[in-house]
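Encoded as structure tokens, the structure appears first; notes follow it.
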There are 4 protein chains.
Amino acid sequence: MMSETVWRTSITQIKPNEVRLRGYRIDELMGRTSFSDAIYLAILGELPSKNVSRMIEAILVSSIDHGATPPSALAARTAASTGAPLNAAVACGLLSINRHHGGAIEDCVAMLDSALNSEDRTTSALADVADELLASYQQQKKRIPGLGHRLHTEDPRTEKLFALAEELGLAGKAVGLLLALQAVLAAKGKPLPINVDGAIGAILFDLGVPSALANAFFFIARLPGLVAQVYEEQSREKPMRRIHPTAHEYDGTDPRSLDD
Amino acid sequence: MMSETVWRTSITQIKPNEVRLRGYRIDELMGRTSFSDAIYLAILGELPSKNVSRMIEAILVSSIDHGATPPSALAARTAASTGAPLNAAVACGLLSINRHHGGAIEDCVAMLDSALNSEDRTTSALADVADELLASYQQQKKRIPGLGHRLHTEDPRTEKLFALAEELGLAGKAVGLLLALQAVLAAKGKPLPINVDGAIGAILFDLGVPSALANAFFFIARLPGLVAQVYEEQSREKPMRRIHPTAHEYDGTDPRSLDD
Amino acid sequence: MMSETVWRTSITQIKPNEVRLRGYRIDELMGRTSFSDAIYLAILGELPSKNVSRMIEAILVSSIDHGATPPSALAARTAASTGAPLNAAVACGLLSINRHHGGAIEDCVAMLDSALNSEDRTTSALADVADELLASYQQQKKRIPGLGHRLHTEDPRTEKLFALAEELGLAGKAVGLLLALQAVLAAKGKPLPINVDGAIGAILFDLGVPSALANAFFFIARLPGLVAQVYEEQSREKPMRRIHPTAHEYDGTDPRSLDD
Amino acid sequence: MMSETVWRTSITQIKPNEVRLRGYRIDELMGRTSFSDAIYLAILGELPSKNVSRMIEAILVSSIDHGATPPSALAARTAASTGAPLNAAVACGLLSINRHHGGAIEDCVAMLDSALNSEDRTTSALADVADELLASYQQQKKRIPGLGHRLHTEDPRTEKLFALAEELGLAGKAVGLLLALQAVLAAKGKPLPINVDGAIGAILFDLGVPSALANAFFFIARLPGLVAQVYEEQSREKPMRRIHPTAHEYDGTDPRSLDD
């Protein structure tokens, strides 16, 4: 009953007075490597190139918070309002990041993967792939993941991410296909923004990140936002209040710029 | 029944095609601000100074993973082993970061706060405060938070953090008091390492981070490690295996250096 | 590294083809013991007496659901709305049962324990204890746990629980003290209902249930309600809807009675 | 922004001083209805018949605990060991009930549903359906859900559940098909026990419980067991111990019987 096989792990090596993440001494990484690069290293096993590093950093910043209306923020605040400790309230937020919230990243990666790697495809021109894909989704009456937003008609995060991907030479077939899909729809009189989930999904796909991990970049990014939401609920509101999902106003710092 | 008061939030302002975090346009932050700085901004409301930025970055890197034996990693792997989705397995890890794991940061901050801000104190010399504190903990038969480690006799993360805090001019009374506590104990023949929780707690205290948020820096840092642990469990192990808490071996990348 | 001490458990004994809960064969309990009795046995180690059995059964029924406005229901529905699996959505509800929701049971037990077992008390007449307790809470400007309800002026669950406790000969000092507290307040022109948390707390205290377990009876009772709330959300509503915390209407089965 | 549509719920109706679950006054149900019946009512909308009531009660008792080795117990204990509050530790257990642990119920219901309701089937004799099903699973190299157990060669819970279902006239096609599958395998020299997940799945299917809710009966049943496991961990063990997944011994009450 006690003779289990020893199991193996390739993430972190612990010895007395020595901790190595993916081979690197953690105290060497500290002070020389950004947290964003360390995230990439921990999850994917290698440090990113300089350009990939900048891209990942921007992706993580893009998703850090989106205000108090997303369900992850509301679930976390609701738990906090009952007296949940910080980590438990934040866990409720994390448990509320699924297919319909954040999960569009994974769905979008899956769609791009299937469209770009399918052997049945009869063409390789992205515009034609986009046409085929659109027809297939319309036939199944399914929404294309990554397109459309409840509020934004041009998502500022998408534009910045795609501009950076272009500038850093990282935009590949997936970014191209998503843009082609958008163009085909616009030509049909249905202009839709590429949302931030779609943009992140396409870029992570072009970077070769496994689809099962694509969503992790979203929820790692969002965790600090959830901490901020929960801490604000704890420090500013009374317990057990009715939390209206949309009727709130911003009363924080005035608009400012890094160049101010 | 429908007339609730509108509530207020000061974190993120959302308008059509505009997202502002603590006043800054998110698309301005993207590409110019590190994820670590954005975390600080989201949680504390202001961007860190250049030196604080380097310090926070190093703190977050220091805690990103500590192998497969911490209970947060084991709880997350156990859930993953039953078929839990990535976010739910990681949530189990997050729910396992409490007073006895990660929570030493908060306890350490509370101890330092009480010792350094107490009006009853009869002296202000740190060595004397350390003596008083030690006597009080011994009388209550309580362990001093932040000192001691199951494995490391000199925690490499602590040394690096304190060296950086010194170099960046950020080490204050709290770091001093923790070092004084260590010295008093060593003089009594009880040499104990300052563990990474203690080091982070002391530095965050000297930076003025509220104690209720000190732990958040730990679990934000550890989340990517939990993702890596869960993903490895999902991709490498069979479901429902017996997960021995210590009998595992590292078989990852060989030791390497940023200077290689 | 592999030589840990064997640890011990006194809950369930598993042998090939035999499962014993607290000494009883599980297949003997099945068909002869109610689920409620088995809950009591699992948690407290012994089967309840016939009267205690009826009391526990009524306590569990009393708290099975309280509609869609409690934060546990809203957090669970919010997670479900994003596509969370049933267990994860229900877990969000469970994580939202804390000091301010459900937790009044534990606070009430703690108050009753301290009032009834204190050696400082100068009197043993319940009315006098109630006076002392009230004065102490007013001095500390704290609300008395277990009294008051947002909606009910006479909580029908409390009345039934107290009537049953009386009928079954199980109402003891704690029930008496809570009623005395209510009477003192009413005499001062502040009539407040004893809420269901208070009633359950007092009865569990009189039954000798440890305060750390009192809350468990509430959340075990509420779990099926959370399942019903999540399943209704999944089967009746669109994903990602805005869930208003109070603006909902009941459209279920018309009022009916067991005697119909 | 504030004009959302009012939404609807059919579970519980709340008015001042009146709470109705699926149409019944909760204070009428208290004292007259068992917790098990109230669970059935809350989730499925109607009170069970007398025989169904006995069946559900036995199903819930059968799954209340299975010792300290299931991953849900280990995850809950691991969280508890770090200082998690009771509800958070139990939530970790709940999050560890998935496809490979407890989830066999849902998989089994899905298999039975597909086999019994398929229009492609060429025969309706259960033995022939079993043959077809077996061939199909072997071809796909998949394990048949509901058959086999790590420890038990004849699961005592299954035998009792099937005996009760027979006695109460509730065993239908699904129970028959599972027994037929077992017989076919035994005839081929592969005797496998029907495990408790399979037995519960078949019976719930024959009772008409929707497959999406089948698992809920398992985790509602297991919750009190998780409470017992966590409470034992909190009251009996030191924080942060290494929890060996199998090396524990039972030291509780000696074997006893309801007839003692």
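Ligands are numbered from 1 in the order shown, residues from 1 within each chain, and chains are lettered A, B, ... in the order they appear in the structure tokens.
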Self-check item: Interface list for chain C, partner chain A, 12 Å threshold, only C-alpha atoms, as a ChimeraX atom specification
Solution: /C:1-6,68-104,150,238-247
Quiz prompt | Nearby residues (only C-alpha atoms) at most 10 Å from Phe218 in chain A, same-chain spacing under 2 positions excluded, as a PyMOL selection string | solution = chain A and resi 59-64+97+101-103+105-106+197+200-201+213-216+220-223
Exercise. Pick out each residue of range 3-226 of chain A that DSSP on the backbone tags as helix (DSSP H, G or I); I need them as a ChimeraX atom specification.
Key: /A:26-29,35-44,50-62,71-81,86-95,104-117,126-139,156-167,173-187,196-207,211-226
Quiz item: Pick from C:Val175, C:Pro210, C:Ile26, C:Pro255: nearest to Ala110 in chain C, with only C-alpha atoms counted?
Solution: C:Pro210
Quiz item: Using only C-alpha atoms, which residue out of B:Ala212, B:Val109, B:Ile56, B:Leu170 lies closest to Ile39 in chain B?
Solution: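 Of B:Ala212, B:Val109, B:Ile56, B:Leu170, the one nearest Ile39 in chain B, counting only C-alpha atoms, is B:Ile56.
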Self-check item: Test item: residues at most 10 Å from Leu116 in chain C, only C-alpha atoms, excluding those fewer than 6 positions along its chain, as a ChimeraX atom specification
Solution: /C:110,124,126,129,173-174,177
Quiz item: Ala130 in chain D: which residues within 12 Å, counting only C-alpha atoms, same-chain residues fewer than 4 positions away excluded, as a list in words?
Solution: Met111, Leu112, Ala115, Leu116, Arg121, Thr123, Ser124, Ala125, Leu126, Leu134, Ala135, Ser136, Tyr137, Ile144, Lys173, Ala174, Val175, Gly176, Leu177, Leu178, Leu179, Ala180, Leu181, Gln182, Ala183, Val184 and Leu185 of chain D
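Distance annotation: of D:Glu249, D:Thr12, D:Glu46, D:Met30, the residue with the minimal separation from Asp65 in chain C is D:Thr12; atom set is only C-alpha atoms.
For range 158-164 of chain A, the non-local neighbours within 9 Å, defined as residues at least 3 positions apart in the same chain or in other chains and counting only C-alpha atoms, are A:Arg54, A:Met55, A:Ala58, A:Ile59, A:Ser62, A:Glu154, A:Asp155, A:Glu167, A:Leu168, A:Gly169, A:Leu170, A:Ala171, A:Val175, A:Pro193, A:Ile194, A:Asn195, A:Val196, A:Asp197, A:Gly198, A:Ala199, A:Ile200, A:Ile203, B:Asp27, B:Glu28, B:Met30, B:Gly31.
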Self-check item: Computed interatomic separation between CA of Asp107 in chain C and CA of Val227 in chain C (Å)
Solution: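 These two atoms are separated by 26.2 Å.
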Quiz item: What is the distance between CA of Leu258 in chain C and CA of Arg157 in chain C, in Å to one decimal?
Solution: 16.7 Å
Quiz item: How many Å separate CA of Glu166 in chain D from CA of Glu132 in chain D?
Solution: 25.4 Å
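Shell of range 13-24 of chain B at 7 Å, with only C-alpha atoms counted and residues fewer than 4 places along the chain excluded, is Gly67, Leu151, His152, Thr153, Glu154, Asp155, Pro156, Tyr250, Gly252, Thr253, Asp254, Pro255, Arg256 and Ser257 of chain A; Leu29, Ala42 and Gly45 of chain B.
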